[in-house]
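Source file: start-v1.cif. Holds: mmCIF, C-alpha atoms.
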```cif
data_data
#
loop_
_atom_site.group_PDB
_atom_site.id
_atom_site.type_symbol
_atom_site.label_atom_id
_atom_site.label_comp_id
_atom_site.auth_asym_id
_atom_site.auth_seq_id
_atom_site.Cartn_x
_atom_site.Cartn_y
_atom_site.Cartn_z
ATOM 1 C CA MET R 1 15.009 3.697 27.518
ATOM 2 C CA THR R 2 17.209 5.786 25.255
ATOM 3 C CA VAL R 3 16.620 9.082 23.473
ATOM 4 C CA GLN R 4 17.652 9.514 19.839
ATOM 5 C CA SER R 5 17.565 12.660 17.746
ATOM 6 C CA TYR R 6 16.264 12.493 14.168
ATOM 7 C CA GLY R 7 16.593 15.721 12.247
ATOM 8 C CA GLY R 8 16.356 17.716 15.454
ATOM 9 C CA TYR R 9 13.338 15.815 16.813
ATOM 10 C CA GLU R 10 13.953 13.697 19.903
ATOM 11 C CA VAL R 11 12.340 10.272 20.128
ATOM 12 C CA GLU R 12 12.351 8.007 23.169
ATOM 13 C CA LEU R 13 13.096 4.398 22.237
ATOM 14 C CA SER R 14 11.838 1.862 24.751
ATOM 15 C CA HIS R 15 11.921 -1.918 25.266
ATOM 16 C CA THR R 16 14.081 -2.421 22.193
ATOM 17 C CA ASP R 17 14.851 -6.024 23.176
ATOM 18 C CA LYS R 18 11.179 -7.022 23.253
ATOM 19 C CA PRO R 19 10.421 -9.890 20.813
ATOM 20 C CA PHE R 20 8.145 -8.497 18.083
ATOM 21 C CA PHE R 21 8.296 -11.380 15.596
ATOM 22 C CA PRO R 22 9.125 -14.287 17.914
ATOM 23 C CA ASP R 23 9.261 -16.976 15.205
ATOM 24 C CA ALA R 24 11.867 -14.983 13.265
ATOM 25 C CA GLY R 25 13.800 -13.758 16.304
ATOM 26 C CA ILE R 26 13.072 -10.131 15.398
ATOM 27 C CA THR R 27 12.921 -7.585 18.197
ATOM 28 C CA LYS R 28 11.343 -4.178 18.482
ATOM 29 C CA GLY R 29 14.845 -2.764 18.143
ATOM 30 C CA ASP R 30 15.244 -4.544 14.797
ATOM 31 C CA LEU R 31 11.967 -3.036 13.587
ATOM 32 C CA LEU R 32 13.076 0.417 14.708
ATOM 33 C CA ALA R 33 16.424 0.006 12.952
ATOM 34 C CA TYR R 34 14.669 -0.983 9.725
ATOM 35 C CA HIS R 35 12.517 2.144 9.738
ATOM 36 C CA GLU R 36 15.484 4.360 10.593
ATOM 37 C CA ARG R 37 17.225 3.001 7.516
ATOM 38 C CA ILE R 38 14.294 2.790 5.062
ATOM 39 C CA ALA R 39 12.815 6.193 5.947
ATOM 40 C CA ASP R 40 14.371 8.134 3.057
ATOM 41 C CA ILE R 41 12.915 5.646 0.570
ATOM 42 C CA MET R 42 9.568 5.011 2.271
ATOM 43 C CA ILE R 43 8.542 8.530 3.280
ATOM 44 C CA PRO R 44 8.146 9.927 -0.269
ATOM 45 C CA HIS R 45 5.440 7.282 -0.782
ATOM 46 C CA ILE R 46 3.440 8.228 2.337
ATOM 47 C CA GLU R 47 4.275 11.899 2.853
ATOM 48 C CA GLU R 48 1.170 14.055 3.429
ATOM 49 C CA ARG R 49 -1.084 10.983 3.266
ATOM 50 C CA PRO R 50 -3.419 10.205 6.178
ATOM 51 C CA LEU R 51 -2.431 6.943 7.818
ATOM 52 C CA THR R 52 -4.091 4.058 9.566
ATOM 53 C CA LEU R 53 -1.732 2.333 11.975
ATOM 54 C CA ASN R 54 -1.754 -1.396 12.711
ATOM 55 C CA ARG R 55 -0.252 -1.521 16.194
ATOM 56 C CA PHE R 56 1.084 -4.461 18.186
ATOM 57 C CA PRO R 57 2.561 -2.977 21.381
ATOM 58 C CA ASP R 58 3.646 -6.414 22.617
ATOM 59 C CA GLY R 59 4.612 -7.873 19.254
ATOM 60 C CA ILE R 60 2.615 -9.893 16.750
ATOM 61 C CA GLY R 61 2.331 -12.817 19.148
ATOM 62 C CA GLU R 62 -0.241 -10.772 21.058
ATOM 63 C CA ASP R 63 -3.401 -9.015 19.938
ATOM 64 C CA GLY R 64 -3.033 -5.911 17.802
ATOM 65 C CA PHE R 65 -5.417 -3.167 16.770
ATOM 66 C CA PHE R 66 -5.971 -0.527 14.114
ATOM 67 C CA GLN R 67 -5.738 3.156 14.946
ATOM 68 C CA GLN R 68 -6.737 6.117 12.804
ATOM 69 C CA ALA R 69 -6.886 8.956 15.322
ATOM 70 C CA ARG R 70 -3.875 10.685 16.824
ATOM 71 C CA GLY R 71 -3.176 9.587 20.398
ATOM 72 C CA ASP R 72 -3.560 12.283 23.059
ATOM 73 C CA TYR R 73 -0.006 11.628 24.204
ATOM 74 C CA PHE R 74 1.603 11.918 20.757
ATOM 75 C CA PRO R 75 4.162 14.760 20.569
ATOM 76 C CA ASP R 76 3.115 18.156 19.231
ATOM 77 C CA TRP R 77 5.708 17.977 16.443
ATOM 78 C CA LEU R 78 4.010 14.916 14.910
ATOM 79 C CA ASP R 79 2.077 16.210 11.898
ATOM 80 C CA THR R 80 -1.642 15.489 11.769
ATOM 81 C CA LEU R 81 -4.565 16.223 9.485
ATOM 82 C CA ALA R 82 -8.190 16.670 10.531
ATOM 83 C CA VAL R 83 -10.488 14.689 8.228
ATOM 84 C CA ASP R 84 -14.277 14.729 8.309
ATOM 85 C CA HIS R 85 -15.420 11.189 7.546
ATOM 86 C CA GLY R 86 -19.056 12.066 8.095
ATOM 87 C CA GLY R 87 -21.650 9.728 9.558
ATOM 88 C CA SER R 88 -20.923 7.949 12.817
ATOM 89 C CA ILE R 89 -17.143 8.319 12.424
ATOM 90 C CA GLY R 90 -17.143 12.100 12.227
ATOM 91 C CA ARG R 91 -13.967 14.118 12.451
ATOM 92 C CA VAL R 92 -10.681 12.238 12.884
ATOM 93 C CA GLN R 93 -7.253 13.723 13.537
ATOM 94 C CA HIS R 94 -5.156 11.462 11.309
ATOM 95 C CA VAL R 95 -1.436 11.002 11.802
ATOM 96 C CA LEU R 96 0.987 11.876 8.992
ATOM 97 C CA ALA R 97 4.527 10.498 8.699
ATOM 98 C CA ASN R 98 6.409 13.237 6.880
ATOM 99 C CA ARG R 99 9.831 12.716 8.428
ATOM 100 C CA GLN R 100 12.086 10.003 9.795
ATOM 101 C CA ALA R 101 11.350 10.979 13.394
ATOM 102 C CA SER R 102 7.617 10.463 12.840
ATOM 103 C CA LEU R 103 8.128 7.005 11.385
ATOM 104 C CA VAL R 104 10.418 5.948 14.229
ATOM 105 C CA TYR R 105 8.148 7.412 16.901
ATOM 106 C CA LEU R 106 5.127 5.511 15.582
ATOM 107 C CA VAL R 107 7.083 2.255 15.416
ATOM 108 C CA ASN R 108 8.187 2.796 19.001
ATOM 109 C CA GLN R 109 4.483 2.993 19.847
ATOM 110 C CA GLY R 110 4.123 -0.508 18.457
ATOM 111 C CA THR R 111 3.144 0.239 14.863
ATOM 112 C CA VAL R 112 4.061 -2.689 12.632
ATOM 113 C CA THR R 113 2.129 -1.821 9.462
ATOM 114 C CA PHE R 114 1.340 1.560 7.906
ATOM 115 C CA HIS R 115 -1.707 1.845 5.651
ATOM 116 C CA SER R 116 -1.914 5.042 3.601
ATOM 117 C CA TRP R 117 -4.617 6.894 1.694
ATOM 118 C CA LEU R 118 -4.717 7.207 -2.094
ATOM 119 C CA SER R 119 -4.890 10.997 -1.738
ATOM 120 C CA THR R 120 -2.787 13.652 -0.016
ATOM 121 C CA ALA R 121 -3.577 16.481 2.371
ATOM 122 C CA SER R 122 -3.561 19.095 -0.390
ATOM 123 C CA HIS R 123 -6.121 17.211 -2.531
ATOM 124 C CA LEU R 124 -7.837 15.036 0.036
ATOM 125 C CA LYS R 125 -10.936 14.268 -2.031
ATOM 126 C CA ALA R 126 -9.073 13.752 -5.311
ATOM 127 C CA PRO R 127 -6.928 10.586 -5.422
ATOM 128 C CA ASP R 128 -3.569 10.641 -7.166
ATOM 129 C CA GLN R 129 -3.540 6.871 -7.599
ATOM 130 C CA VAL R 130 -5.851 4.155 -8.875
ATOM 131 C CA ILE R 131 -5.330 0.688 -7.419
ATOM 132 C CA PHE R 132 -6.261 -2.908 -8.232
ATOM 133 C CA ASP R 133 -5.908 -5.325 -5.303
ATOM 134 C CA LEU R 134 -5.212 -8.848 -6.545
ATOM 135 C CA ASP R 135 -5.386 -11.837 -4.200
ATOM 136 C CA PRO R 136 -5.312 -15.471 -5.348
ATOM 137 C CA PRO R 137 -8.523 -17.502 -5.215
ATOM 138 C CA GLY R 138 -6.489 -20.280 -3.572
ATOM 139 C CA ASP R 139 -2.882 -20.867 -2.546
ATOM 140 C CA ASP R 140 -1.408 -20.726 -6.061
ATOM 141 C CA PHE R 141 0.331 -17.410 -6.779
ATOM 142 C CA GLU R 142 0.441 -17.924 -10.556
ATOM 143 C CA PRO R 143 -3.091 -16.551 -11.194
ATOM 144 C CA VAL R 144 -2.076 -13.340 -9.417
ATOM 145 C CA ARG R 145 0.984 -13.011 -11.626
ATOM 146 C CA GLN R 146 -1.120 -13.473 -14.744
ATOM 147 C CA ALA R 147 -3.838 -11.101 -13.560
ATOM 148 C CA ALA R 148 -1.313 -8.389 -12.729
ATOM 149 C CA ARG R 149 0.075 -8.534 -16.269
ATOM 150 C CA LEU R 150 -3.432 -8.310 -17.747
ATOM 151 C CA VAL R 151 -4.393 -5.378 -15.516
ATOM 152 C CA ALA R 152 -1.143 -3.635 -16.420
ATOM 153 C CA GLU R 153 -1.822 -4.065 -20.132
ATOM 154 C CA GLY R 154 -5.343 -2.741 -19.696
ATOM 155 C CA MET R 155 -4.000 0.280 -17.844
ATOM 156 C CA ARG R 156 -1.435 0.940 -20.560
ATOM 157 C CA GLN R 157 -4.148 0.847 -23.204
ATOM 158 C CA CYS R 158 -5.987 3.483 -21.146
ATOM 159 C CA GLY R 159 -2.933 5.750 -21.169
ATOM 160 C CA LEU R 160 -1.888 4.921 -17.609
ATOM 161 C CA THR R 161 1.533 3.801 -16.377
ATOM 162 C CA PRO R 162 1.146 0.761 -14.103
ATOM 163 C CA PHE R 163 3.365 -0.057 -11.142
ATOM 164 C CA VAL R 164 3.313 -3.255 -9.096
ATOM 165 C CA LYS R 165 4.188 -4.301 -5.555
ATOM 166 C CA THR R 166 3.877 -7.355 -3.369
ATOM 167 C CA THR R 167 1.462 -6.789 -0.510
ATOM 168 C CA GLY R 168 3.546 -8.779 1.947
ATOM 169 C CA SER R 169 0.424 -10.836 2.601
ATOM 170 C CA ARG R 170 -1.329 -12.839 -0.156
ATOM 171 C CA GLY R 171 -1.135 -10.961 -3.429
ATOM 172 C CA LEU R 172 -0.111 -7.975 -5.506
ATOM 173 C CA HIS R 173 -1.215 -4.372 -5.889
ATOM 174 C CA VAL R 174 -1.208 -2.812 -9.355
ATOM 175 C CA VAL R 175 -1.196 0.976 -9.055
ATOM 176 C CA ALA R 176 -1.193 3.795 -11.609
ATOM 177 C CA PRO R 177 -0.569 7.473 -10.775
ATOM 178 C CA LEU R 178 -3.136 10.135 -11.623
ATOM 179 C CA LYS R 179 -3.203 13.884 -11.500
ATOM 180 C CA PRO R 180 -5.447 14.776 -8.526
ATOM 181 C CA GLU R 181 -8.234 16.283 -10.619
ATOM 182 C CA ALA R 182 -11.300 14.115 -10.011
ATOM 183 C CA GLY R 183 -13.116 12.822 -6.967
ATOM 184 C CA PHE R 184 -12.998 9.271 -5.670
ATOM 185 C CA ASP R 185 -16.389 8.386 -7.127
ATOM 186 C CA ARG R 186 -15.282 9.155 -10.667
ATOM 187 C CA VAL R 187 -11.953 7.360 -10.315
ATOM 188 C CA ARG R 188 -13.693 4.359 -8.810
ATOM 189 C CA SER R 189 -16.256 4.330 -11.619
ATOM 190 C CA LEU R 190 -13.508 4.331 -14.254
ATOM 191 C CA SER R 191 -11.590 1.605 -12.438
ATOM 192 C CA GLN R 192 -14.768 -0.469 -12.322
ATOM 193 C CA GLU R 193 -15.232 0.001 -16.071
ATOM 194 C CA LEU R 194 -11.664 -1.135 -16.672
ATOM 195 C CA ALA R 195 -12.136 -4.129 -14.387
ATOM 196 C CA GLN R 196 -15.311 -5.137 -16.210
ATOM 197 C CA ALA R 197 -13.640 -4.779 -19.607
ATOM 198 C CA LEU R 198 -10.844 -7.060 -18.413
ATOM 199 C CA ALA R 199 -13.289 -9.587 -16.968
ATOM 200 C CA ASP R 200 -15.239 -9.601 -20.242
ATOM 201 C CA ALA R 201 -12.043 -10.107 -22.254
ATOM 202 C CA TYR R 202 -10.711 -12.900 -20.003
ATOM 203 C CA PRO R 203 -13.837 -14.562 -18.555
ATOM 204 C CA GLU R 204 -12.061 -17.800 -17.640
ATOM 205 C CA GLN R 205 -9.436 -16.023 -15.536
ATOM 206 C CA LEU R 206 -10.915 -12.806 -14.153
ATOM 207 C CA THR R 207 -14.145 -11.681 -12.525
ATOM 208 C CA THR R 208 -15.738 -8.630 -10.931
ATOM 209 C CA GLU R 209 -18.154 -10.825 -8.979
ATOM 210 C CA GLN R 210 -18.039 -9.809 -5.314
ATOM 211 C CA ARG R 211 -19.763 -12.959 -4.071
ATOM 212 C CA LYS R 212 -17.108 -15.610 -3.553
ATOM 213 C CA HIS R 213 -19.351 -18.561 -4.345
ATOM 214 C CA LYS R 214 -19.956 -17.164 -7.834
ATOM 215 C CA ARG R 215 -16.309 -16.621 -8.767
ATOM 216 C CA ARG R 216 -15.730 -20.295 -9.628
ATOM 217 C CA GLY R 217 -11.973 -20.146 -9.105
ATOM 218 C CA ARG R 218 -11.487 -16.958 -11.092
ATOM 219 C CA LEU R 219 -9.411 -14.110 -9.693
ATOM 220 C CA TYR R 220 -11.451 -11.208 -8.353
ATOM 221 C CA LEU R 221 -10.464 -7.749 -9.619
ATOM 222 C CA ASP R 222 -10.845 -5.782 -6.405
ATOM 223 C CA ILE R 223 -11.176 -2.034 -6.998
ATOM 224 C CA MET R 224 -12.895 -1.311 -3.662
ATOM 225 C CA ARG R 225 -9.914 0.574 -2.235
ATOM 226 C CA ASN R 226 -10.610 3.394 -4.686
ATOM 227 C CA ALA R 227 -12.835 5.250 -2.228
ATOM 228 C CA PHE R 228 -12.591 8.152 0.212
ATOM 229 C CA GLY R 229 -11.136 6.985 3.508
ATOM 230 C CA GLN R 230 -9.894 3.656 2.159
ATOM 231 C CA THR R 231 -6.231 2.709 2.466
ATOM 232 C CA ALA R 232 -3.623 0.380 0.997
ATOM 233 C CA VAL R 233 -0.577 -1.043 2.710
ATOM 234 C CA ALA R 234 2.230 1.470 2.272
ATOM 235 C CA PRO R 235 5.243 0.623 0.107
ATOM 236 C CA TYR R 236 8.053 -0.829 2.251
ATOM 237 C CA SER R 237 5.741 -1.376 5.205
ATOM 238 C CA VAL R 238 6.221 -4.509 7.292
ATOM 239 C CA ARG R 239 3.301 -6.925 7.676
ATOM 240 C CA ALA R 240 2.282 -8.656 10.879
ATOM 241 C CA LYS R 241 3.254 -12.115 9.616
ATOM 242 C CA PRO R 242 5.727 -14.559 11.217
ATOM 243 C CA GLU R 243 8.752 -13.767 8.996
ATOM 244 C CA ALA R 244 8.141 -9.980 8.874
ATOM 245 C CA PRO R 245 7.401 -9.765 5.136
ATOM 246 C CA ILE R 246 7.501 -6.352 3.475
ATOM 247 C CA ALA R 247 5.179 -4.792 0.896
ATOM 248 C CA THR R 248 7.777 -4.355 -1.819
ATOM 249 C CA PRO R 249 7.639 -2.365 -5.077
ATOM 250 C CA LEU R 250 8.797 -4.461 -8.028
ATOM 251 C CA GLU R 251 10.029 -4.066 -11.557
ATOM 252 C CA TRP R 252 7.625 -5.731 -13.977
ATOM 253 C CA ASP R 253 10.196 -8.274 -15.138
ATOM 254 C CA GLU R 254 10.408 -9.612 -11.587
ATOM 255 C CA LEU R 255 7.018 -11.251 -12.075
ATOM 256 C CA ASP R 256 8.845 -13.734 -14.315
ATOM 257 C CA ASP R 257 10.795 -15.040 -11.317
ATOM 258 C CA GLN R 258 9.080 -18.265 -10.291
ATOM 259 C CA LYS R 259 10.481 -17.865 -6.789
ATOM 260 C CA LEU R 260 8.505 -14.666 -6.334
ATOM 261 C CA GLY R 261 5.682 -14.788 -3.830
ATOM 262 C CA PRO R 262 3.790 -12.111 -1.923
ATOM 263 C CA GLN R 263 6.028 -12.602 1.129
ATOM 264 C CA ARG R 264 9.315 -13.041 -0.746
ATOM 265 C CA PHE R 265 10.955 -9.928 0.724
ATOM 266 C CA THR R 266 11.347 -9.686 4.477
ATOM 267 C CA LEU R 267 13.154 -7.756 7.151
ATOM 268 C CA ALA R 268 15.967 -10.289 6.787
ATOM 269 C CA ASN R 269 16.619 -9.787 3.061
ATOM 270 C CA ILE R 270 15.126 -6.453 1.946
ATOM 271 C CA PHE R 271 18.383 -4.510 2.078
ATOM 272 C CA ARG R 272 20.182 -7.092 -0.052
ATOM 273 C CA ARG R 273 17.541 -6.383 -2.647
ATOM 274 C CA MET R 274 17.837 -2.605 -2.183
ATOM 275 C CA ALA R 275 21.585 -2.865 -2.752
ATOM 276 C CA GLN R 276 20.915 -4.441 -6.162
ATOM 277 C CA ARG R 277 17.944 -2.355 -7.366
ATOM 278 C CA GLU R 278 16.791 1.199 -6.919
ATOM 279 C CA ASP R 279 13.256 1.785 -5.701
ATOM 280 C CA PRO R 280 11.099 0.919 -8.756
ATOM 281 C CA TRP R 281 8.470 3.438 -7.630
ATOM 282 C CA ARG R 282 10.854 6.346 -7.042
ATOM 283 C CA ASN R 283 9.528 8.466 -9.936
ATOM 284 C CA MET R 284 5.950 7.224 -9.927
ATOM 285 C CA GLN R 285 4.134 10.562 -9.715
ATOM 286 C CA GLN R 286 6.087 11.912 -12.681
ATOM 287 C CA LYS R 287 4.037 9.452 -14.754
ATOM 288 C CA ALA R 288 0.674 10.799 -13.557
ATOM 289 C CA VAL R 289 -1.922 11.439 -16.252
ATOM 290 C CA SER R 290 -5.132 13.447 -16.329
ATOM 291 C CA ILE R 291 -8.530 11.985 -15.586
ATOM 292 C CA GLN R 292 -9.482 12.898 -19.157
ATOM 293 C CA THR R 293 -6.728 10.613 -20.461
ATOM 294 C CA PHE R 294 -8.089 7.781 -18.318
ATOM 295 C CA GLN R 295 -11.671 8.481 -19.448
ATOM 296 C CA GLU R 296 -10.751 8.590 -23.130
ATOM 297 C CA GLY R 297 -8.679 5.439 -22.738
ATOM 298 C CA ILE R 298 -11.652 3.590 -21.262
ATOM 299 C CA SER R 299 -13.833 4.748 -24.158
ATOM 300 C CA ASP R 300 -11.262 3.566 -26.696
ATOM 301 C CA LEU R 301 -10.914 0.265 -24.858
ATOM 302 C CA LYS R 302 -14.638 -0.393 -25.043
ATOM 303 C CA GLY R 303 -14.554 0.213 -28.771
ATOM 304 C CA GLY R 304 -11.601 -2.082 -29.405
ATOM 305 C CA ASP R 305 -9.981 -5.256 -28.139
ATOM 306 C CA LEU R 306 -7.784 -5.930 -25.154
#
```
Turn this file's structure into structure tokens for me.
Amino acid sequence: MTVQSYGGYEVELSHTDKPFFPDAGITKGDLLAYHERIADIMIPHIEERPLTLNRFPDGIGEDGFFQQARGDYFPDWLDTLAVDHGGSIGRVQHVLANRQASLVYLVNQGTVTFHSWLSTASHLKAPDQVIFDLDPPGDDFEPVRQAARLVAEGMRQCGLTPFVKTTGSRGLHVVAPLKPEAGFDRVRSLSQELAQALADAYPEQLTTEQRKHKRRGRLYLDIMRNAFGQTAVAPYSVRAKPEAPIATPLEWDELDDQKLGPQRFTLANIFRRMAQREDPWRNMQQKAVSIQTFQEGISDLKGGDL
């Protein structure tokens, strides 16, 4: 075990030679080193957002689990936020990762993937993002590419600025920033209206049908993450897949690359990419628009053509 200092916060690093992604030869130490290096880029995307941790203390070759609540043994300096989920869940002390030390500490506890809320601590019940989760109906990635472009165009016609990222798993996320003015229910309702307008305009390609047997090969426009307490994989988070793929923000023109797939960027190649391109999401929140803009855009969309 070694002790490292990150911005004045000491973190114990243990079992750094433990295989975490055995098929790729990636150790816990490699995962720690990645988060040490990516922290300055990743943290602005998750700062002040409640997190759900996907932990694999013995690597992805063994069983993992999801954790929302702060562990009793977590250090006092690790920021948390008490959230009342209501119902049977009740009050949860969520972890926040607002600094490099927090990110590294949580990885040392076996966290592989970080899932973050669509709202921040200061406006917990008012999301500052709207998200469409696009997974292919089969193994072909091309329908996801096409759907992402259509969703992006629909968002633009509603006055939103769309951003896209690979999920590191099967598909893409299309996200647009909002000013945190309205509750989740309203944002979800508007996203559902946009999804339905898109499905009506492109009935052979897109659907809002939740039942898989009724989709008939069409891509499902999943807006279900637009809800209080729901999460999305954080930008630059590693996924628990054999080659350690990374949820990677993209420029829109990258969808034209036929080599692109949801697991294209990995722990092995992400920094080659970062050396060639700045973070495409670095100024995302500067593009946030009001809920009124979104509402008026939906109304205009219904009265016109996509």
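Within 7 Å of the point (8.0, -9.3, 26.1) in file coordinates, and counting only C-alpha atoms, lie the residues Lys18, Pro19 and Asp58 of chain R.
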Subject >> Pick from R:Phe132, R:Phe265, R:Phe271, R:Tyr6 nearest to R:Leu194, counting all atoms listed in the file >> reply: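 Ranking R:Phe132, R:Phe265, R:Phe271, R:Tyr6 by distance to R:Leu194, first place goes to R:Phe132.
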Original post:
Contacts of R:Gln295 at 8 Å or less, counting only C-alpha atoms, minus same-chain residues fewer than 3 places along, as a PyMOL selection string?
Top reply: chain R and resi 158+190+291-292+298-299
Could the residues of stretch 103-152 of chain R that have an atom at most 9 Å from stretch 243-257 of chain R be listed as a tab-separated table, each with its closest atom pair and the distance in Å to one decimal, counting only C-alpha atoms and ordered by chain and ascending residue number?
```
residue	atom	partner	partner_atom	distance
R:Arg145	CA	R:Leu255	CA	6.3
R:Gln146	CA	R:Leu255	CA	8.8
R:Ala148	CA	R:Leu255	CA	8.8
R:Arg149	CA	R:Trp252	CA	8.4
```
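Closest approach to R:His35 among R:Ile60, R:Gly217, R:Ala195, R:Val238 is made by R:Val238 (distances from only C-alpha atoms).
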Original post:
Residues at most 7 Å from stretch 104-117 of chain R, counting only C-alpha atoms, excluding those fewer than 6 positions away in the same chain, as a ChimeraX atom specification?
Top reply: /R:11,13-14,32,35-36,46,49-57,229-234,237-240
Subject >> Distance query R:Arg37 at most 12 Å, only C-alpha atoms, self and fewer than 6 positions along chain excluded, as a list in words >> reply: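 Once the nearby chain positions are removed, what remains is Tyr6, Asp30, Leu31, Ile43, Gln100, Ala101, Leu103, Val104, Tyr236, Leu267, Ile270, Phe271 and Met274 of chain R.
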Written file, previous selection with C-alpha atoms, as a CSV table (one decimal), in the coordinates of the input:
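As a result, result07.csv now contains:
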```
chain,number,residue,atom,x,y,z
R,6,TYR,CA,16.3,12.5,14.2
R,30,ASP,CA,15.2,-4.5,14.8
R,31,LEU,CA,12.0,-3.0,13.6
R,43,ILE,CA,8.5,8.5,3.3
R,100,GLN,CA,12.1,10.0,9.8
R,101,ALA,CA,11.4,11.0,13.4
R,103,LEU,CA,8.1,7.0,11.4
R,104,VAL,CA,10.4,5.9,14.2
R,236,TYR,CA,8.1,-0.8,2.3
R,267,LEU,CA,13.2,-7.8,7.2
R,270,ILE,CA,15.1,-6.5,1.9
R,271,PHE,CA,18.4,-4.5,2.1
R,274,MET,CA,17.8,-2.6,-2.2
```
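Around R:Asp140, within 12 Å and counting all atoms listed in the file, the residues found are Asp135, Arg145, Gln146, Arg170, Gly171, Gly217, Arg218, Leu219, Gln258, Leu260, Gly261 and Pro262 of chain R, once anything fewer than 5 positions away on its own chain is removed.
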Could you turn the residues from that selection into a file that holds C-alpha atoms, as a PDB file, keeping the file's coordinate frame?
```pdb
ATOM      1  CA  ASP R 135      -5.386 -11.837  -4.200  1.00  0.00           C
ATOM      2  CA  ARG R 145       0.984 -13.011 -11.626  1.00  0.00           C
ATOM      3  CA  GLN R 146      -1.120 -13.473 -14.744  1.00  0.00           C
ATOM      4  CA  ARG R 170      -1.329 -12.839  -0.156  1.00  0.00           C
ATOM      5  CA  GLY R 171      -1.135 -10.961  -3.429  1.00  0.00           C
ATOM      6  CA  GLY R 217     -11.973 -20.146  -9.105  1.00  0.00           C
ATOM      7  CA  ARG R 218     -11.487 -16.958 -11.092  1.00  0.00           C
ATOM      8  CA  LEU R 219      -9.411 -14.110  -9.693  1.00  0.00           C
ATOM      9  CA  GLN R 258       9.080 -18.265 -10.291  1.00  0.00           C
ATOM     10  CA  LEU R 260       8.505 -14.666  -6.334  1.00  0.00           C
ATOM     11  CA  GLY R 261       5.682 -14.788  -3.830  1.00  0.00           C
ATOM     12  CA  PRO R 262       3.790 -12.111  -1.923  1.00  0.00           C
TER      13      PRO R 262
END
```
Original post:
In terms of the shortest atom-to-atom distance over all atoms listed in the file, which of R:Ala69, R:Asp76, R:Glu10, R:Thr161 is closest to R:Val92?
Top reply: R:Ala69
